[in-house]
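Structure file run.cif (mmCIF, C-alpha atoms and all ligand atoms) is printed below.
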data_query
#
loop_
_atom_site.label_atom_id
_atom_site.label_comp_id
_atom_site.auth_asym_id
_atom_site.auth_seq_id
_atom_site.Cartn_x
_atom_site.Cartn_y
_atom_site.Cartn_z
CA MET Q 114 -12.87 31.84 -10.20
CA PHE Q 115 -12.02 28.16 -10.60
CA SER Q 116 -11.86 27.49 -6.87
CA LEU Q 117 -14.90 26.82 -4.66
CA ASP Q 118 -15.64 28.36 -1.28
CA THR Q 119 -14.01 25.83 1.07
CA LYS Q 120 -14.41 27.57 4.43
CA ALA Q 121 -16.81 24.88 5.72
CA MET Q 122 -14.26 22.17 5.03
CA TYR Q 123 -12.76 20.79 8.24
CA TYR Q 124 -9.38 20.14 6.63
CA PRO Q 125 -7.44 22.25 4.15
CA VAL Q 126 -7.64 21.37 0.45
CA SER Q 127 -5.64 22.62 -2.50
CA ASP Q 128 -6.96 25.54 -4.58
CA ARG Q 129 -7.01 23.20 -7.53
CA ARG Q 130 -10.46 21.86 -8.35
CA ILE Q 131 -10.56 18.51 -10.10
CA VAL Q 132 -13.48 18.15 -12.48
CA ALA Q 133 -12.81 14.87 -14.28
CA GLY Q 134 -10.65 11.81 -14.45
CA GLU Q 135 -10.18 9.40 -17.30
CA GLY Q 136 -7.77 6.47 -17.43
CA VAL Q 137 -4.48 7.66 -15.89
CA TYR Q 138 -5.36 11.33 -16.36
CA LEU Q 139 -6.81 13.91 -13.99
CA ARG Q 140 -8.28 17.16 -15.31
CA ASP Q 141 -8.71 20.39 -13.32
CA ALA Q 142 -11.21 23.22 -13.70
CA GLU Q 143 -8.70 25.29 -15.66
CA GLY Q 144 -8.41 22.58 -18.29
CA ASN Q 145 -4.97 21.29 -17.23
CA SER Q 146 -4.45 17.56 -17.26
CA PHE Q 147 -1.98 15.49 -15.25
CA ILE Q 148 -0.83 11.90 -15.21
CA ASP Q 149 -1.73 10.63 -11.76
CA CYS Q 150 1.36 8.77 -10.54
CA ALA Q 151 -0.37 8.05 -7.22
CA SER Q 152 -3.54 6.44 -8.61
CA ALA Q 153 -5.42 8.92 -6.34
CA THR Q 154 -4.67 7.40 -2.92
CA PHE Q 155 -2.93 4.38 -4.49
CA ASN Q 156 -6.38 2.87 -4.89
CA LEU Q 157 -7.36 3.37 -8.53
CA SER Q 158 -5.82 0.18 -9.86
CA LEU Q 159 -7.79 0.52 -13.09
CA GLY Q 160 -7.59 4.30 -13.23
CA TYR Q 161 -10.42 6.80 -13.34
CA SER Q 162 -13.86 5.51 -14.33
CA HIS Q 163 -12.77 2.26 -15.94
CA PRO Q 164 -15.64 1.23 -18.29
CA ALA Q 165 -15.91 -2.30 -16.84
CA VAL Q 166 -16.22 -0.95 -13.29
CA VAL Q 167 -18.68 1.76 -14.32
CA ALA Q 168 -20.86 -0.81 -16.12
CA ALA Q 169 -20.80 -3.21 -13.14
CA ILE Q 170 -21.77 -0.40 -10.75
CA GLN Q 171 -24.59 0.80 -13.01
CA GLU Q 172 -25.99 -2.70 -13.42
CA GLN Q 173 -25.77 -3.53 -9.72
CA ALA Q 174 -27.21 -0.15 -8.64
CA GLU Q 175 -30.43 -0.95 -10.43
CA LYS Q 176 -30.75 -4.28 -8.61
CA LEU Q 177 -29.44 -3.82 -5.09
CA ILE Q 178 -27.04 -1.23 -3.67
CA HIS Q 179 -26.85 -2.60 -0.16
CA THR Q 180 -28.52 -4.94 2.27
CA THR Q 181 -27.55 -6.10 5.72
CA SER Q 182 -24.57 -8.42 5.64
CA SER Q 183 -26.50 -11.16 7.45
CA PHE Q 184 -28.32 -12.00 4.16
CA GLN Q 185 -26.77 -13.52 1.07
CA SER Q 186 -26.22 -11.12 -1.81
CA GLU Q 187 -24.81 -12.44 -5.07
CA PRO Q 188 -21.86 -10.05 -5.56
CA VAL Q 189 -20.79 -10.43 -1.92
CA VAL Q 190 -20.84 -14.22 -1.90
CA ARG Q 191 -19.19 -14.38 -5.33
CA LEU Q 192 -16.44 -12.00 -4.26
CA ALA Q 193 -15.68 -14.11 -1.18
CA SER Q 194 -15.29 -17.25 -3.32
CA ARG Q 195 -13.24 -15.47 -5.96
CA LEU Q 196 -10.79 -14.01 -3.45
CA VAL Q 197 -10.32 -17.35 -1.71
CA GLU Q 198 -9.65 -19.01 -5.10
CA LEU Q 199 -6.95 -16.45 -5.85
CA ALA Q 200 -5.36 -16.31 -2.40
CA PRO Q 201 -2.48 -18.39 -1.03
CA LYS Q 202 -3.84 -21.91 -0.28
CA LYS Q 203 -3.89 -21.57 3.47
CA LEU Q 204 -6.37 -18.66 3.32
CA THR Q 205 -9.76 -20.30 3.07
CA LYS Q 206 -12.17 -17.65 4.38
CA ALA Q 207 -12.98 -14.12 3.23
CA HIS Q 208 -14.34 -11.62 5.75
CA LEU Q 209 -15.98 -8.76 3.86
CA LYS Q 210 -17.72 -6.85 6.66
CA VAL Q 211 -14.94 -4.26 6.57
CA ALA Q 212 -14.80 -1.08 4.53
CA SER Q 213 -11.20 0.16 4.64
CA GLY Q 214 -7.61 -0.99 4.92
CA SER Q 215 -7.56 0.07 8.55
CA SER Q 216 -10.66 -1.95 9.46
CA ALA Q 217 -9.28 -4.97 7.54
CA ASN Q 218 -5.97 -4.83 9.42
CA GLU Q 219 -7.69 -4.34 12.74
CA GLY Q 220 -9.96 -7.33 12.05
CA ALA Q 221 -6.97 -9.52 11.17
CA ILE Q 222 -5.36 -8.52 14.47
CA LYS Q 223 -8.50 -9.39 16.42
CA MET Q 224 -8.62 -12.78 14.67
CA ALA Q 225 -5.01 -13.47 15.67
CA GLN Q 226 -5.64 -12.29 19.23
CA ARG Q 227 -8.67 -14.52 19.53
CA ALA Q 228 -6.91 -17.55 18.05
CA THR Q 229 -3.82 -17.22 20.24
CA GLY Q 230 -5.34 -15.70 23.38
CA ARG Q 231 -2.46 -13.23 23.30
CA ARG Q 232 -2.31 -9.48 22.72
CA ASP Q 233 0.85 -7.80 21.34
CA VAL Q 234 1.35 -6.95 17.70
CA VAL Q 235 4.77 -6.49 16.12
CA THR Q 236 5.11 -3.92 13.31
CA LEU Q 237 8.06 -2.36 11.51
CA PHE Q 238 9.58 1.10 12.02
CA ARG Q 239 8.43 2.56 8.70
CA SER Q 240 5.14 0.73 8.40
CA HIS Q 241 1.88 2.49 7.66
CA VAL Q 242 -0.95 0.12 8.47
CA GLY Q 243 -3.88 2.49 9.05
CA GLN Q 244 -5.29 5.43 10.93
CA SER Q 245 -7.70 4.12 13.55
CA THR Q 246 -6.30 4.86 17.00
CA MET Q 247 -4.89 1.34 17.27
CA LEU Q 248 -3.34 1.34 13.82
CA ALA Q 249 -1.96 4.87 13.97
CA SER Q 250 -0.20 3.66 17.09
CA LEU Q 251 1.02 0.48 15.42
CA SER Q 252 2.25 2.41 12.37
CA GLY Q 253 5.90 3.27 12.57
CA ASN Q 254 6.44 6.97 12.37
CA ALA Q 255 5.91 9.11 15.49
CA PHE Q 256 4.57 12.15 13.63
CA ARG Q 257 1.01 10.80 13.43
CA LYS Q 258 0.92 9.79 17.11
CA GLU Q 259 2.54 12.82 18.65
CA PRO Q 260 -0.38 15.30 18.41
CA LEU Q 261 -2.82 12.87 20.09
CA GLY Q 262 -0.48 10.95 22.32
CA HIS Q 263 -2.31 7.62 21.92
CA VAL Q 264 -0.14 4.58 22.14
CA TYR Q 265 -1.70 1.13 21.87
CA PRO Q 266 -0.30 -0.76 24.86
CA GLY Q 267 0.37 -3.95 22.90
CA GLY Q 268 2.46 -2.48 20.09
CA LEU Q 269 6.06 -3.51 19.51
CA HIS Q 270 8.04 -1.74 16.77
CA VAL Q 271 11.13 -3.40 15.32
CA PRO Q 272 13.70 -2.24 12.72
CA ASP Q 273 12.75 -2.86 9.12
CA PRO Q 274 14.70 -4.56 6.29
CA TYR Q 275 15.81 -1.25 4.79
CA CYS Q 276 19.17 -2.44 3.54
CA LEU Q 277 20.17 0.96 2.12
CA ARG Q 278 20.02 2.48 5.62
CA CYS Q 279 20.37 -0.64 7.75
CA PHE Q 280 19.52 -0.06 11.40
CA TYR Q 281 22.25 -2.51 12.39
CA ARG Q 282 24.79 -1.02 9.93
CA GLN Q 283 25.17 -4.35 8.18
CA SER Q 284 25.26 -5.33 4.51
CA TYR Q 285 23.16 -7.99 2.89
CA PRO Q 286 23.84 -10.93 2.55
CA ASP Q 287 26.73 -10.92 5.06
CA CYS Q 288 24.28 -9.69 7.71
CA GLY Q 289 22.66 -13.15 7.76
CA LEU Q 290 19.30 -11.34 8.09
CA LEU Q 291 20.16 -9.96 11.50
CA CYS Q 292 17.04 -7.76 11.35
CA VAL Q 293 14.87 -10.88 11.63
CA ASP Q 294 17.08 -12.67 14.16
CA ARG Q 295 17.04 -9.66 16.48
CA ILE Q 296 13.24 -9.73 16.63
CA GLU Q 297 13.74 -12.72 18.97
CA GLN Q 298 15.29 -10.36 21.47
CA PHE Q 299 12.55 -7.79 21.09
CA LEU Q 300 10.07 -10.57 21.87
CA GLU Q 301 12.09 -11.60 24.89
CA PHE Q 302 13.00 -8.23 26.36
CA ALA Q 303 10.64 -5.58 24.91
CA SER Q 304 7.26 -7.30 24.57
CA SER Q 305 4.67 -7.95 27.26
CA GLY Q 306 5.36 -11.66 26.80
CA SER Q 307 2.02 -12.05 25.08
CA VAL Q 308 2.64 -11.64 21.33
CA ALA Q 309 -0.21 -12.58 18.99
CA ALA Q 310 0.92 -11.39 15.57
CA ILE Q 311 3.35 -9.69 13.25
CA LEU Q 312 1.61 -7.32 10.83
CA ILE Q 313 3.75 -6.50 7.82
CA GLU Q 314 3.49 -4.93 4.36
CA PRO Q 315 5.38 -7.02 1.76
CA ILE Q 316 6.80 -3.72 0.47
CA ALA Q 317 6.57 -0.78 2.86
CA GLY Q 318 4.43 1.56 0.77
CA ASN Q 319 4.22 4.90 2.53
CA GLY Q 320 7.44 4.16 4.41
CA GLY Q 321 9.50 4.55 1.23
CA ASN Q 322 8.98 1.57 -1.09
CA ILE Q 323 11.24 -0.63 1.00
CA ILE Q 324 11.72 -4.04 -0.58
CA PRO Q 325 12.92 -6.76 1.80
CA PRO Q 326 15.94 -8.83 0.69
CA ASN Q 327 15.70 -12.44 -0.47
CA GLY Q 328 14.98 -14.87 2.32
CA TYR Q 329 13.54 -12.24 4.66
CA PHE Q 330 9.98 -13.56 4.66
CA GLN Q 331 11.05 -17.21 4.91
CA ARG Q 332 13.08 -16.38 8.01
CA LEU Q 333 10.20 -14.35 9.41
CA ARG Q 334 7.84 -17.30 8.87
CA GLN Q 335 10.27 -19.55 10.79
CA LEU Q 336 10.38 -17.05 13.62
CA CYS Q 337 6.57 -16.86 13.70
CA ASP Q 338 6.28 -20.66 13.75
CA ALA Q 339 8.85 -20.98 16.52
CA HIS Q 340 6.78 -18.65 18.74
CA ASP Q 341 3.29 -19.53 17.44
CA ILE Q 342 2.90 -15.93 16.28
CA LYS Q 343 0.47 -15.29 13.42
CA LEU Q 344 1.89 -13.67 10.29
CA LEU Q 345 -0.57 -11.03 9.03
CA VAL Q 346 0.23 -9.54 5.66
CA ASP Q 347 -1.02 -6.08 4.79
CA GLU Q 348 -1.54 -6.14 1.01
CA VAL Q 349 -3.66 -3.00 1.08
CA GLN Q 350 -1.23 -1.26 -1.28
CA THR Q 351 0.69 -4.15 -2.80
CA GLY Q 352 -2.29 -6.41 -3.56
CA ILE Q 353 -4.54 -6.71 -6.65
CA GLY Q 354 -1.87 -6.58 -9.31
CA ARG Q 355 0.16 -3.60 -8.13
CA THR Q 356 3.44 -5.55 -8.24
CA GLY Q 357 2.60 -7.45 -11.44
CA ARG Q 358 1.29 -10.45 -9.49
CA MET Q 359 -2.17 -10.64 -7.98
CA PHE Q 360 -0.56 -10.49 -4.51
CA ALA Q 361 2.98 -9.43 -3.58
CA CYS Q 362 3.08 -12.56 -1.40
CA GLU Q 363 3.68 -14.49 -4.65
CA HIS Q 364 6.92 -12.60 -5.37
CA PHE Q 365 8.36 -13.25 -1.96
CA GLY Q 366 7.00 -16.73 -1.27
CA ILE Q 367 5.17 -15.45 1.81
CA GLU Q 368 2.85 -17.88 3.57
CA PRO Q 369 0.58 -15.68 5.66
CA ASP Q 370 -2.05 -16.60 8.24
CA ALA Q 371 -4.18 -13.67 7.10
CA MET Q 372 -4.08 -11.03 4.40
CA SER Q 373 -5.73 -7.60 4.30
CA LEU Q 374 -6.96 -6.10 1.05
CA ALA Q 375 -8.55 -2.74 0.21
CA LYS Q 376 -7.51 0.12 -2.12
CA GLY Q 377 -6.94 -1.50 -5.55
CA LEU Q 378 -9.75 -3.99 -5.05
CA GLY Q 379 -12.25 -1.24 -5.90
CA GLY Q 380 -10.74 -0.71 -9.37
CA SER Q 381 -11.81 2.87 -9.92
CA GLY Q 382 -12.48 3.86 -6.31
CA ALA Q 383 -15.29 1.64 -5.00
CA GLN Q 384 -15.04 1.36 -1.22
CA VAL Q 385 -14.38 -2.33 -0.64
CA ALA Q 386 -12.00 -4.25 1.60
CA ALA Q 387 -11.43 -7.82 2.74
CA ILE Q 388 -9.64 -9.98 5.26
CA LEU Q 389 -8.58 -13.38 3.98
CA ALA Q 390 -7.93 -15.78 6.83
CA SER Q 391 -6.76 -19.32 7.49
CA ASP Q 392 -9.06 -21.90 9.08
CA GLU Q 393 -7.21 -21.38 12.32
CA LEU Q 394 -8.05 -17.69 12.34
CA ALA Q 395 -11.68 -18.21 11.34
CA GLY Q 396 -14.18 -18.04 14.17
CA LEU Q 397 -14.14 -14.44 15.30
CA PRO Q 398 -17.83 -13.86 16.15
CA ALA Q 399 -19.49 -11.82 13.40
CA ASP Q 400 -20.50 -9.01 15.71
CA HIS Q 401 -16.95 -8.52 16.96
CA HIS Q 402 -15.86 -6.96 13.70
CA SER Q 403 -18.63 -5.70 11.49
CA PHE Q 404 -19.01 -2.32 9.80
CA THR Q 405 -22.19 -0.97 8.19
CA TYR Q 406 -20.59 -0.27 4.84
CA GLY Q 407 -18.74 -3.57 4.65
CA ALA Q 408 -20.07 -6.35 2.40
CA ASN Q 409 -21.67 -3.69 0.21
CA SER Q 410 -23.27 -5.20 -2.89
CA LEU Q 411 -22.42 -2.26 -5.15
CA ALA Q 412 -18.76 -2.21 -4.07
CA CYS Q 413 -18.45 -6.00 -4.34
CA ALA Q 414 -19.81 -5.86 -7.91
CA ALA Q 415 -17.13 -3.27 -8.70
CA ALA Q 416 -14.49 -5.53 -7.12
CA LEU Q 417 -15.60 -8.52 -9.22
CA ALA Q 418 -15.34 -6.42 -12.39
CA THR Q 419 -11.89 -5.27 -11.27
CA LEU Q 420 -10.71 -8.84 -10.73
CA ASP Q 421 -12.06 -9.82 -14.16
CA VAL Q 422 -9.64 -7.32 -15.69
CA ILE Q 423 -6.62 -7.89 -13.47
CA ASP Q 424 -6.78 -11.67 -13.10
CA ASP Q 425 -5.40 -12.18 -16.57
CA PRO Q 426 -1.82 -13.38 -17.12
CA ASP Q 427 -1.34 -10.93 -20.02
CA PHE Q 428 -2.55 -7.98 -17.95
CA LEU Q 429 -0.21 -8.87 -15.08
CA ALA Q 430 2.70 -9.49 -17.46
CA HIS Q 431 2.10 -6.00 -18.87
CA VAL Q 432 2.27 -4.50 -15.37
CA ARG Q 433 5.65 -6.20 -14.84
CA ALA Q 434 6.94 -5.12 -18.25
CA VAL Q 435 5.82 -1.50 -18.04
CA GLY Q 436 7.22 -1.29 -14.50
CA ALA Q 437 10.57 -2.67 -15.69
CA ARG Q 438 10.57 -0.11 -18.50
CA ILE Q 439 10.10 2.74 -16.01
CA LEU Q 440 12.80 1.33 -13.72
CA ASP Q 441 15.24 1.21 -16.67
CA ARG Q 442 14.58 4.84 -17.52
CA LEU Q 443 14.86 5.85 -13.86
CA GLY Q 444 18.17 3.97 -13.66
CA GLU Q 445 19.48 6.20 -16.48
CA LEU Q 446 18.17 9.28 -14.66
CA LYS Q 447 19.93 8.17 -11.49
CA ASN Q 448 23.24 7.99 -13.34
CA ARG Q 449 22.80 11.61 -14.40
CA CYS Q 450 21.21 13.14 -11.27
CA PRO Q 451 23.31 13.18 -8.10
CA CYS Q 452 20.17 13.83 -6.01
CA ILE Q 453 18.82 10.34 -6.81
CA LEU Q 454 20.34 7.89 -4.37
CA ASP Q 455 18.28 4.86 -5.34
CA VAL Q 456 15.45 3.70 -7.56
CA ARG Q 457 13.66 0.51 -6.63
CA GLY Q 458 10.44 -1.23 -7.39
CA VAL Q 459 8.45 -4.29 -8.29
CA GLY Q 460 5.84 -3.97 -11.05
CA LEU Q 461 4.24 -0.54 -10.75
CA MET Q 462 5.20 -0.06 -7.11
CA ILE Q 463 8.25 2.15 -7.61
CA GLY Q 464 10.16 4.60 -5.41
CA ILE Q 465 12.82 7.21 -6.16
CA GLU Q 466 14.95 8.01 -3.11
CA ILE Q 467 16.20 11.61 -3.02
CA ALA Q 468 19.30 12.44 -0.98
CA ARG Q 469 21.97 15.07 -0.44
CA ARG Q 470 25.48 14.49 -1.72
CA ASP Q 471 26.50 12.95 1.61
CA GLY Q 472 23.69 10.39 1.25
CA SER Q 473 21.47 11.90 3.95
CA PRO Q 474 17.73 12.00 3.14
CA ASP Q 475 16.57 15.21 1.47
CA PRO Q 476 12.85 15.63 2.24
CA GLN Q 477 12.98 19.35 1.35
CA LEU Q 478 14.06 18.68 -2.22
CA THR Q 479 11.62 15.76 -2.41
CA ASN Q 480 8.74 18.06 -1.45
CA ILE Q 481 9.82 20.67 -3.98
CA LEU Q 482 9.94 18.01 -6.68
CA ALA Q 483 6.46 16.75 -5.75
CA LYS Q 484 5.07 20.29 -5.76
CA ARG Q 485 6.71 21.33 -9.02
CA ALA Q 486 5.67 18.08 -10.69
CA MET Q 487 2.26 19.67 -11.35
CA ASP Q 488 4.03 22.19 -13.64
CA HIS Q 489 5.19 19.18 -15.63
CA ALA Q 490 1.73 17.62 -15.81
CA LEU Q 491 2.47 14.93 -13.21
CA PHE Q 492 0.85 14.26 -9.86
CA LEU Q 493 3.38 12.76 -7.39
CA ARG Q 494 3.24 11.88 -3.71
CA THR Q 495 6.01 11.34 -1.14
CA SER Q 496 6.80 8.86 1.62
CA ARG Q 497 5.86 10.65 4.83
CA TYR Q 498 6.01 7.52 6.97
CA GLY Q 499 9.69 7.13 6.23
CA HIS Q 500 12.12 10.02 5.97
CA GLY Q 501 9.77 11.71 3.49
CA ASN Q 502 12.46 11.53 0.80
CA VAL Q 503 10.99 8.98 -1.59
CA LEU Q 504 8.87 9.93 -4.60
CA LYS Q 505 6.29 7.28 -5.26
CA ILE Q 506 5.54 6.17 -8.82
CA ARG Q 507 2.36 4.10 -8.59
CA PRO Q 508 0.17 4.96 -11.56
CA PRO Q 509 -2.94 2.98 -12.48
CA LEU Q 510 -2.08 -0.50 -13.75
CA ILE Q 511 -3.66 0.24 -17.15
CA LEU Q 512 -0.68 2.51 -17.94
CA THR Q 513 0.43 2.09 -21.55
CA ASP Q 514 4.05 2.01 -22.74
CA VAL Q 515 3.58 5.45 -24.28
CA GLU Q 516 2.26 6.87 -20.99
CA ALA Q 517 5.16 5.23 -19.13
CA GLU Q 518 7.65 6.98 -21.42
CA LEU Q 519 5.75 10.23 -20.94
CA ILE Q 520 6.07 9.92 -17.13
CA CYS Q 521 9.82 9.38 -17.48
CA ASP Q 522 10.24 12.28 -19.95
CA ARG Q 523 8.36 14.57 -17.59
CA LEU Q 524 10.37 13.40 -14.57
CA ASP Q 525 13.53 14.08 -16.55
CA ASP Q 526 12.36 17.64 -17.35
CA LEU Q 527 11.27 18.16 -13.74
CA LEU Q 528 14.65 17.11 -12.34
CA ARG Q 529 16.51 19.25 -14.87
CA SER Q 530 14.43 22.33 -14.03
CA VAL Q 531 14.57 21.93 -10.25
CA THR Q 532 18.21 20.94 -9.91
CA ALA Q 533 19.60 23.20 -12.68
C1 LIG Q 601 -0.28 -0.45 3.52
C2 LIG Q 601 -1.51 0.23 4.02
N1 LIG Q 601 -2.26 -0.38 4.95
C3 LIG Q 601 -3.39 0.17 5.44
C4 LIG Q 601 -3.79 1.41 5.01
C5 LIG Q 601 -5.04 2.02 5.56
O1 LIG Q 601 -6.05 1.95 4.60
P1 LIG Q 601 -7.36 2.88 4.74
O2 LIG Q 601 -6.93 4.27 4.48
O3 LIG Q 601 -8.27 2.34 3.67
O4 LIG Q 601 -7.90 2.66 6.10
C6 LIG Q 601 -3.04 2.10 4.06
C7 LIG Q 601 -3.44 3.44 3.59
O5 LIG Q 601 -2.69 4.21 3.03
C8 LIG Q 601 -1.87 1.49 3.54
O6 LIG Q 601 -1.10 2.10 2.63
#
Could you write out this structure as C-alpha cells?
Amino acid sequence: MFSLDTKAMYYPVSDRRIVAGEGVYLRDAEGNSFIDCASATFNLSLGYSHPAVVAAIQEQAEKLIHTTSSFQSEPVVRLASRLVELAPKKLTKAHLKVASGSSANEGAIKMAQRATGRRDVVTLFRSHVGQSTMLASLSGNAFRKEPLGHVYPGGLHVPDPYCLRCFYRQSYPDCGLLCVDRIEQFLEFASSGSVAAILIEPIAGNGGNIIPPNGYFQRLRQLCDAHDIKLLVDEVQTGIGRTGRMFACEHFGIEPDAMSLAKGLGGSGAQVAAILASDELAGLPADHHSFTYGANSLACAAALATLDVIDDPDFLAHVRAVGARILDRLGELKNRCPCILDVRGVGLMIGIEIARRDGSPDPQLTNILAKRAMDHALFLRTSRYGHGNVLKIRPPLILTDVEAELICDRLDDLLRSVTA
C-alpha cells in the first residue's frame, strides 16, 4: 500500500518510498525516519532542503532559471569568481558548462590532453571517477566495465596507496613510497608513451575511504613535474567541506593543475559542477566541452548559498570536531568488535573496514550490516569500487554532536545484533 507501481522504471528500486527529507533525516511513507549516513549520493553537504539553499532557489527561480551559457548571468559569473577565490592559487579559471562529476573530470582530461598534446590518463586501482564510457573505463574496478566491454585505449591503472593492503607488501614509511616510485615504470613500460595526466581522488571515496600516507602527494607532484604530466584532482566527493577543509587538497598540500567539483557544491541536491583550471590548462575551445544543463543559473544560486554556509571557519572546525568525535567512538567499537579491521577518516569522510578473523575482506557481512542498518534507523552505503567491505559514514556536514552520538549508538546496536 505504501509502494508505488514501478513496472515502468528501467532500473530496480527499493520497495521503500521516501516522502520527505529534513536536515540529516529521511522519512519514508510508513512514517519511519533514518539518519542518512550517505548524504543521499554523498551530495547533500547541507542535508535535505537546507533553508538557505531553498531560499536561494526560490528567489532565483522567479528571476531566471536558465539561459544559454554564452550570456552573462549573475549567479554563474559570481560562482566562477567565488570558486577561484577559494581554490589553490594556481587555479585561476572556473569552467561551469558541466553538470556532473563525470563531465567535470572528462573536461579536465580534455584540457590536459589539449595542453600537452598527449593522450593517456593514469588512474588508481580503486578509483571511481565517473560513469561516462571513458570514465567507467578509467575507474579502477572491473565490475562496471565487464558487462559492456568498453576500455578507453589511453587508460593506465596503477596500484593505490592503500597501506593496509599494500600491493607491494611494504609498510609505510619504510616503503619509501614505492607505490609512487613504481609509477615511473608503468609510464615507461605500460603506457603508450603519450601520458597527459594523472587523475586522482585525494581520498578514494567509493574505493574504500583510502587515505594516502604523508608525503604521497608531494612525491606524486614531483613525478608529474619530471614528466610534464598534469595532476588532476577529483574533489567530487572530498570537496566543499567534506573533510573539514573547503578542499581536501588543503589537508595534503596538493598542488593540482585542475580540480573537479560536483556533489556537495549543490548543498541540498542542486545539479551543479565545476572544473577549476590553471592558466596553462585554460584555452579548451568552449564548444569542445559544453553541456546544456551546465552553467545553470538556478543551480549556481544554490551553490553560492551553499558556499555562504560552508565557507566559515567555525562551520569547518565543527565538521572536523564532529568527525573526530565519531572516529573516537568507532575506535572504541573496533576494540570490541573483531569484524572491524580498521576505522579511518578525515572530517566527515569516514570508513569502517569489515574483515574476517584472518583479515580478508568480508563484503558479505558488510552488505548484511548495510541492509540491517535500516532496522536501526540508519541509511548506510558500501564501497563497491574496492573490495566492497567498507561502510561509509558521510552524513550531511550540518550533523550535530547529538546526531553524531546517535549514529554511533545505532552502529553499536547494529553490530551487536548482527554479530551476536
Ligand atoms: C570521486 C567521484 N568522482 C566522480 C564521480 C562521478 O560523479 P557524477 O555521478 O556526478 O557523474 C563520483 C560519483 O560517485 C565520485 O564519487
Enclose all atoms of ligand LIG 601 (chain Q) listed in the file in an axis-aligned box, grow every side by 5 Å, and hand back centre and edge lengths in Å to one decimal, as JSON.
{"center_x": -4.3, "center_y": 1.9, "center_z": 4.4, "size_x": 18.0, "size_y": 14.7, "size_z": 13.5}
Open item on the list: Distance limit 7 Å, reference ligand LIG 601 (chain Q), atoms considered: only C-alpha atoms and all ligand atoms. Which residues make the cut? Give them as a list in words.
Closed with: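 Protein and nucleic-acid residues within 7 Å of ligand LIG 601 (chain Q): Ser213, Gly214, Ser215, Ser216, Asn218, His241, Val242, Gly243, Gln244, Glu314, Ala317, Gly318, Asn319, Asp347, Glu348, Val349, Gln350, Ala375 and Lys376 of chain Q.
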Task: Exercise: Ala437 of chain Q partners within 12 Å, all atoms listed in the file, chain neighbours under 2 positions left out, as a list in words - done: Thr356, Gly357, Ala430, His431, Val432, Arg433, Ala434, Val435, Ile439, Leu440, Asp441, Arg442, Leu443, Gly444, Val456, Arg457, Gly458, Val459, Gly460, Leu461, Met462, Ile463, Asp514, Ala517 and Glu518 of chain Q
Since we have the selection now, will you write its residues out, keeping C-alpha atoms, as a PDB file, keeping the file's coordinate frame?
ATOM      1  CA  THR Q 356       3.440  -5.550  -8.240  1.00  0.00           C
ATOM      2  CA  GLY Q 357       2.600  -7.450 -11.440  1.00  0.00           C
ATOM      3  CA  ALA Q 430       2.700  -9.490 -17.460  1.00  0.00           C
ATOM      4  CA  HIS Q 431       2.100  -6.000 -18.870  1.00  0.00           C
ATOM      5  CA  VAL Q 432       2.270  -4.500 -15.370  1.00  0.00           C
ATOM      6  CA  ARG Q 433       5.650  -6.200 -14.840  1.00  0.00           C
ATOM      7  CA  ALA Q 434       6.940  -5.120 -18.250  1.00  0.00           C
ATOM      8  CA  VAL Q 435       5.820  -1.500 -18.040  1.00  0.00           C
ATOM      9  CA  ILE Q 439      10.100   2.740 -16.010  1.00  0.00           C
ATOM     10  CA  LEU Q 440      12.800   1.330 -13.720  1.00  0.00           C
ATOM     11  CA  ASP Q 441      15.240   1.210 -16.670  1.00  0.00           C
ATOM     12  CA  ARG Q 442      14.580   4.840 -17.520  1.00  0.00           C
ATOM     13  CA  LEU Q 443      14.860   5.850 -13.860  1.00  0.00           C
ATOM     14  CA  GLY Q 444      18.170   3.970 -13.660  1.00  0.00           C
ATOM     15  CA  VAL Q 456      15.450   3.700  -7.560  1.00  0.00           C
ATOM     16  CA  ARG Q 457      13.660   0.510  -6.630  1.00  0.00           C
ATOM     17  CA  GLY Q 458      10.440  -1.230  -7.390  1.00  0.00           C
ATOM     18  CA  VAL Q 459       8.450  -4.290  -8.290  1.00  0.00           C
ATOM     19  CA  GLY Q 460       5.840  -3.970 -11.050  1.00  0.00           C
ATOM     20  CA  LEU Q 461       4.240  -0.540 -10.750  1.00  0.00           C
ATOM     21  CA  MET Q 462       5.200  -0.060  -7.110  1.00  0.00           C
ATOM     22  CA  ILE Q 463       8.250   2.150  -7.610  1.00  0.00           C
ATOM     23  CA  ASP Q 514       4.050   2.010 -22.740  1.00  0.00           C
ATOM     24  CA  ALA Q 517       5.160   5.230 -19.130  1.00  0.00           C
ATOM     25  CA  GLU Q 518       7.650   6.980 -21.420  1.00  0.00           C
TER      26      GLU Q 518
END
Open item on the list: Rounded to one decimal, what separation in Å do you get between atom CA of Arg529 of chain Q and atom CA of Arg494 of chain Q?
Closed with: 18.8 Å
For Lys447 of chain Q: contacts at 9 Å, all atoms listed in the file, fewer than 6 positions along chain excluded, given as a CSV table (one decimal) with C-alpha atoms, in the frame of the given file:
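Output contents, as saved in around-v3.csv:
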chain,number,residue,atom,x,y,z
Q,453,ILE,CA,18.8,10.3,-6.8
Q,454,LEU,CA,20.3,7.9,-4.4
Q,455,ASP,CA,18.3,4.9,-5.3
Q,456,VAL,CA,15.4,3.7,-7.6
Q,465,ILE,CA,12.8,7.2,-6.2
Segment 421-495 of chain Q residues near segment 379-403 of chain Q within 12 Å, closest pair each, using only C-alpha atoms, as CSV:
residue,atom,partner,partner_atom,distance
Q:Asp421,CA,Q:Gly380,CA,10.4
Q:Val422,CA,Q:Gly380,CA,9.2
Q:Ile423,CA,Q:Gly380,CA,9.2
TODO: Go through Q:Ala486, Q:Leu429, Q:Ala200, Q:Ile323 one by one, measure the shortest atom-to-atom distance of each to Val503 of chain Q using all atoms listed in the file, and give the residue with the smallest value.
DONE: Q:Ile323
Task: Polymer residues at most 8 Å from segment 273-279 of chain Q, only C-alpha atoms, same-chain spacing of 2 or more positions, as a VMD selection string - done: chain Q and resid 237 to 239 271 281 to 285 292 323 to 326 329
TODO: Enter the distance from atom CA of Leu177 of chain Q to atom CA of Arg191 of chain Q, in Å, rounded to one decimal.
DONE: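 Atom-to-atom, atom CA of Leu177 of chain Q and atom CA of Arg191 of chain Q are spaced 14.7 Å apart.
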Open item on the list: Using all atoms listed in the file for the distances, tell me which of Q:Val137, Q:Ala339, Q:Ala165, Q:Leu333 is nearest to Pro509 of chain Q.
Closed with: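 Comparing Q:Val137, Q:Ala339, Q:Ala165, Q:Leu333 against Pro509 of chain Q, the winner is Q:Val137.
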